[in-house]
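Colleague: final-v3.txt (compact mmCIF, C-alpha atoms) pasted underneath:
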# COMPACT_ATOMS: atom_id res chain seq x y z
CA MET F 1 56.71 57.27 50.37
CA PRO F 2 53.43 56.14 51.94
CA ASP F 3 52.60 52.55 52.78
CA VAL F 4 49.62 51.30 50.79
CA ILE F 5 47.43 48.23 51.14
CA LEU F 6 45.86 46.78 48.00
CA THR F 7 43.22 44.07 47.80
CA GLY F 8 44.33 41.08 45.72
CA ALA F 9 42.95 37.65 44.92
CA ALA F 10 44.75 36.17 47.97
CA GLY F 11 43.87 39.06 50.28
CA ARG F 12 45.91 42.03 51.41
CA ILE F 13 48.90 43.18 49.33
CA GLU F 14 51.45 45.37 51.09
CA GLY F 15 53.13 48.09 49.05
CA ARG F 16 55.10 51.34 49.00
CA TYR F 17 53.94 54.10 46.70
CA SER F 18 55.48 57.35 45.54
CA PRO F 19 53.03 59.63 43.67
CA GLY F 20 54.09 61.23 40.41
CA LYS F 21 55.20 64.84 40.16
CA THR F 22 52.43 65.76 37.68
CA ASP F 23 48.91 64.57 36.87
CA ASN F 24 50.12 62.90 33.69
CA ALA F 25 53.31 61.46 35.21
CA PRO F 26 54.24 58.04 33.84
CA ILE F 27 53.75 55.03 36.08
CA ALA F 28 56.21 52.27 37.02
CA LEU F 29 55.64 48.95 38.76
CA ILE F 30 58.61 47.27 40.52
CA LEU F 31 58.67 43.47 41.02
CA HIS F 32 60.91 41.79 43.60
CA PRO F 33 62.95 38.53 43.47
CA HIS F 34 61.81 35.04 44.41
CA PRO F 35 59.84 34.80 47.69
CA LYS F 36 61.31 31.36 48.46
CA ALA F 37 64.84 32.75 48.12
CA GLY F 38 64.23 35.58 50.57
CA GLY F 39 62.92 38.03 47.99
CA HIS F 40 60.87 41.03 49.14
CA MET F 41 60.10 44.57 48.06
CA ASN F 42 62.93 46.00 50.19
CA HIS F 43 65.62 44.00 48.44
CA PRO F 44 68.41 46.44 47.49
CA VAL F 45 67.97 45.96 43.73
CA SER F 46 64.19 46.44 43.96
CA VAL F 47 64.66 49.60 46.05
CA GLN F 48 67.28 50.83 43.59
CA LEU F 49 64.84 50.43 40.69
CA TYR F 50 62.09 52.13 42.69
CA HIS F 51 64.26 55.18 43.36
CA LEU F 52 65.48 55.42 39.77
CA PHE F 53 61.91 55.79 38.53
CA MET F 54 60.81 57.93 41.46
CA LYS F 55 63.64 60.44 40.90
CA ARG F 56 62.45 60.90 37.32
CA GLY F 57 58.96 61.87 38.42
CA PHE F 58 57.20 58.56 37.85
CA ALA F 59 54.32 57.44 40.05
CA THR F 60 56.08 54.35 41.36
CA LEU F 61 54.83 51.29 43.25
CA ARG F 62 56.68 48.34 44.70
CA PHE F 63 54.90 45.63 46.67
CA ASN F 64 55.29 42.26 48.35
CA PHE F 65 54.01 39.22 46.50
CA ARG F 66 51.50 37.01 48.34
CA GLY F 67 52.93 35.41 51.48
CA VAL F 68 55.77 37.94 51.79
CA GLY F 69 55.89 40.52 54.60
CA ARG F 70 52.36 41.67 55.40
CA SER F 71 50.91 40.43 52.11
CA GLN F 72 48.42 37.61 52.65
CA GLY F 73 48.31 34.25 50.92
CA GLU F 74 50.95 31.68 50.02
CA PHE F 75 53.54 31.32 47.29
CA ASP F 76 51.83 30.13 44.10
CA SER F 77 54.70 29.17 41.77
CA GLY F 78 54.35 32.32 39.68
CA ILE F 79 50.68 32.00 38.77
CA GLY F 80 49.31 33.87 41.78
CA GLU F 81 52.27 36.25 41.73
CA LEU F 82 51.36 37.28 38.17
CA ALA F 83 47.82 37.93 39.42
CA ASP F 84 49.27 40.07 42.23
CA ALA F 85 51.30 42.06 39.69
CA ALA F 86 48.20 42.60 37.54
CA THR F 87 46.27 43.80 40.60
CA ALA F 88 49.08 46.23 41.45
CA LEU F 89 49.19 47.59 37.90
CA ASP F 90 45.40 48.01 37.93
CA TRP F 91 45.74 50.02 41.14
CA LEU F 92 48.50 52.18 39.67
CA GLN F 93 46.48 52.88 36.54
CA SER F 94 43.28 53.67 38.42
CA ASN F 95 45.16 56.13 40.64
CA ASN F 96 46.90 57.72 37.64
CA PRO F 97 44.30 57.72 34.84
CA ALA F 98 46.17 60.38 32.83
CA ALA F 99 49.56 58.62 32.99
CA ALA F 100 51.66 59.40 29.92
CA GLN F 101 53.51 56.06 29.95
CA THR F 102 53.41 52.65 31.65
CA TRP F 103 56.60 50.82 32.67
CA VAL F 104 57.28 47.48 34.36
CA ALA F 105 60.61 46.70 36.05
CA GLY F 106 61.65 43.48 37.75
CA TYR F 107 64.67 41.73 39.19
CA SER F 108 65.30 37.96 38.85
CA PHE F 109 61.96 36.18 39.53
CA GLY F 110 60.37 39.64 39.38
CA ALA F 111 61.80 40.06 35.86
CA TYR F 112 60.10 36.80 34.84
CA ILE F 113 56.76 37.95 36.26
CA GLY F 114 57.25 41.37 34.69
CA MET F 115 57.82 39.95 31.22
CA GLN F 116 54.65 37.85 31.56
CA LEU F 117 52.74 40.94 32.64
CA LEU F 118 53.96 42.75 29.52
CA MET F 119 52.32 40.12 27.35
CA ARG F 120 48.98 40.75 29.04
CA ARG F 121 49.26 44.54 28.99
CA PRO F 122 49.92 45.78 25.45
CA GLU F 123 49.64 49.36 26.70
CA THR F 124 53.06 48.97 28.38
CA ASP F 125 55.61 51.39 26.90
CA GLY F 126 58.84 50.03 28.36
CA PHE F 127 60.41 47.46 30.64
CA ILE F 128 63.53 46.91 32.73
CA SER F 129 64.56 43.29 33.25
CA VAL F 130 67.47 42.76 35.66
CA SER F 131 68.99 39.24 35.81
CA PRO F 132 66.01 37.48 34.18
CA PRO F 133 66.12 33.76 35.10
CA THR F 134 66.02 32.53 31.51
CA ASN F 135 67.48 29.12 32.42
CA MET F 136 64.87 28.44 35.13
CA TYR F 137 61.68 29.46 33.32
CA ASP F 138 60.50 29.21 29.73
CA PHE F 139 60.56 32.68 28.19
CA SER F 140 59.15 31.53 24.83
CA PHE F 141 55.87 33.29 25.70
CA LEU F 142 57.56 36.51 24.50
CA ALA F 143 56.26 36.09 20.98
CA PRO F 144 56.08 38.83 20.09
CA CYS F 145 57.36 41.04 22.90
CA PRO F 146 55.06 44.08 22.92
CA ALA F 147 57.49 46.77 24.13
CA SER F 148 61.08 47.94 23.92
CA GLY F 149 63.20 47.64 27.04
CA LEU F 150 66.51 47.01 28.77
CA ILE F 151 67.81 43.60 29.81
CA LEU F 152 70.67 43.83 32.31
CA THR F 153 72.74 40.93 33.63
CA GLY F 154 76.01 40.28 35.44
CA GLY F 155 79.07 38.97 33.64
CA ALA F 156 79.94 36.79 36.66
CA ASP F 157 76.38 35.51 37.20
CA THR F 158 76.65 31.79 37.98
CA VAL F 159 72.93 31.43 38.79
CA VAL F 160 71.87 32.54 35.31
CA PRO F 161 74.98 32.57 33.08
CA PRO F 162 75.00 35.40 30.52
CA VAL F 163 74.91 32.91 27.63
CA GLU F 164 71.44 31.85 28.82
CA VAL F 165 70.22 35.45 28.80
CA GLU F 166 71.79 36.14 25.40
CA ARG F 167 69.79 33.28 23.92
CA VAL F 168 66.54 35.09 24.77
CA VAL F 169 67.93 38.51 23.79
CA SER F 170 68.96 37.22 20.35
CA LYS F 171 65.48 35.85 19.76
CA LEU F 172 63.80 39.10 20.86
CA ARG F 173 66.06 41.15 18.63
CA THR F 174 64.69 39.41 15.53
CA GLN F 175 61.34 41.09 16.13
CA LYS F 176 60.46 44.23 14.23
CA GLY F 177 58.99 47.32 15.87
CA ILE F 178 60.82 47.02 19.20
CA VAL F 179 64.38 47.67 20.35
CA ILE F 180 66.00 45.50 23.03
CA ASP F 181 68.98 47.08 24.79
CA TYR F 182 71.22 44.47 26.41
CA GLU F 183 74.00 45.21 28.87
CA VAL F 184 76.38 42.87 30.70
CA VAL F 185 78.13 44.32 33.75
CA ASP F 186 81.60 42.86 34.09
CA LYS F 187 82.26 40.97 37.36
CA ALA F 188 78.70 41.47 38.67
CA THR F 189 76.98 38.39 40.12
CA HIS F 190 73.29 37.53 40.16
CA PHE F 191 72.94 39.35 43.47
CA TRP F 192 74.64 42.65 42.50
CA ALA F 193 76.04 43.03 46.04
CA GLU F 194 79.08 45.08 45.03
CA HIS F 195 77.60 46.47 41.84
CA LEU F 196 74.48 48.46 42.75
CA PRO F 197 76.07 51.63 41.27
CA SER F 198 76.27 49.74 37.96
CA VAL F 199 72.52 49.08 38.12
CA GLU F 200 71.94 52.78 38.75
CA GLN F 201 74.18 53.78 35.87
CA ALA F 202 72.75 51.31 33.35
CA VAL F 203 69.08 51.66 34.20
CA GLY F 204 69.25 55.40 34.84
CA GLY F 205 71.04 55.97 31.54
CA TYR F 206 68.49 53.89 29.67
CA LEU F 207 65.53 55.71 31.25
CA ASP F 208 67.06 59.08 30.43
CA LYS F 209 67.58 58.00 26.82
CA ARG F 210 63.99 56.82 26.46
CA LEU F 211 62.55 59.91 28.13
CA GLU F 212 64.63 62.19 25.95
CA ALA F 213 63.36 60.44 22.82
CA ASN F 214 59.77 60.51 24.06
CA PRO F 215 59.41 63.39 26.55
CA ILE F 216 56.50 63.56 28.93
CA PRO F 217 54.26 66.45 27.85
Output the file's structure as structure tokens, nothing else.
Modeller:
Amino acid sequence: MPDVILTGAAGRIEGRYSPGKTDNAPIALILHPHPKAGGHMNHPVSVQLYHLFMKRGFATLRFNFRGVGRSQGEFDSGIGELADAATALDWLQSNNPAAAQTWVAGYSFGAYIGMQLLMRRPETDGFISVSPPTNMYDFSFLAPCPASGLILTGGADTVVPPVEVERVVSKLRTQKGIVIDYEVVDKATHFWAEHLPSVEQAVGGYLDKRLEANPIP
């Protein structure tokens, strides 16, 4: 998985990229947790998501938001980070012009940025949102949500209690034309320290289901 350097609005963006297995391989962008809480692209959940897509033949990119690792700039309260995510998706699309599908996956703060990116990219086919911080940020911008996806949270999450996530899920499920899968992993916390296999099982199973229903030609 080669290191890549992208050029963003705040300067250099550091990333890791795994090319797809075919010219028309789908693409996936992975977004890491909050920079001010120690989030970076090598966080175990972010790496787990990266490998789940990579193993299924996706052209997959994870990167450090501005001010993290070797990425230039400073934390920008989500505004600049959304710009970084858009830059990364542009890069992925330009390097994979024949991509069959476009996916966005994020964990915690990355899930928040990912859901905002969805709203700006109607070509997105699917999303994975792990532990979205629905009690810290206003998710009402998802009106309507443009793609079907999986929302995964921990039953023992005290940072974002499941009831807070369910509030957003219930609202999304009233929309027609999309399907929101929602899974709560019993005893898992916001940090998934002892439950990474559960992330693999839930996300991997969901990806396999979606790919079976809509195979890559």
Colleague: Tell me which of F:Leu152, F:Leu61, F:Val163, F:Val199 sits closest to F:Thr87, counting all atoms listed in the file.
Modeller: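 For F:Thr87, the nearest of the given residues is F:Leu61.
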Colleague: Skipping near chain neighbours, those fewer than 2 positions away, what residues fall within 7 Å of stretch 177-189 of chain F using only C-alpha atoms, listed as a count of residues only?
Modeller: 17
Colleague: Which polymer residues have any atom within 6 Å of an atom of stretch 63-72 of chain F, counting only C-alpha atoms, with same-chain residues fewer than 2 positions away left out, as a count of residues only?
Modeller: 10
Colleague: Determine the nearest neighbour of F:Pro33 from the options F:Ser170, F:Ser129, F:Thr124, F:Gln116, counting all atoms listed in the file.
Modeller: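 Counting all atoms listed in the file, the residue closest to F:Pro33 is F:Ser129.
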Colleague: Would you work out the distance separating atom CA of F:Met136 from atom CA of F:Ala105, expressed in Å to one decimal?
Modeller: 18.8 Å
Colleague: Between atom CA of F:Leu31 and atom CA of F:Gly204, what distance in Å does the model show, to one decimal?
Modeller: 17.1 Å
Colleague: Any idea what the distance is between atom CA of F:Val160 and atom CA of F:Pro197?
Modeller: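 For atom CA of F:Val160 relative to atom CA of F:Pro197, the distance reads 20.4 Å.
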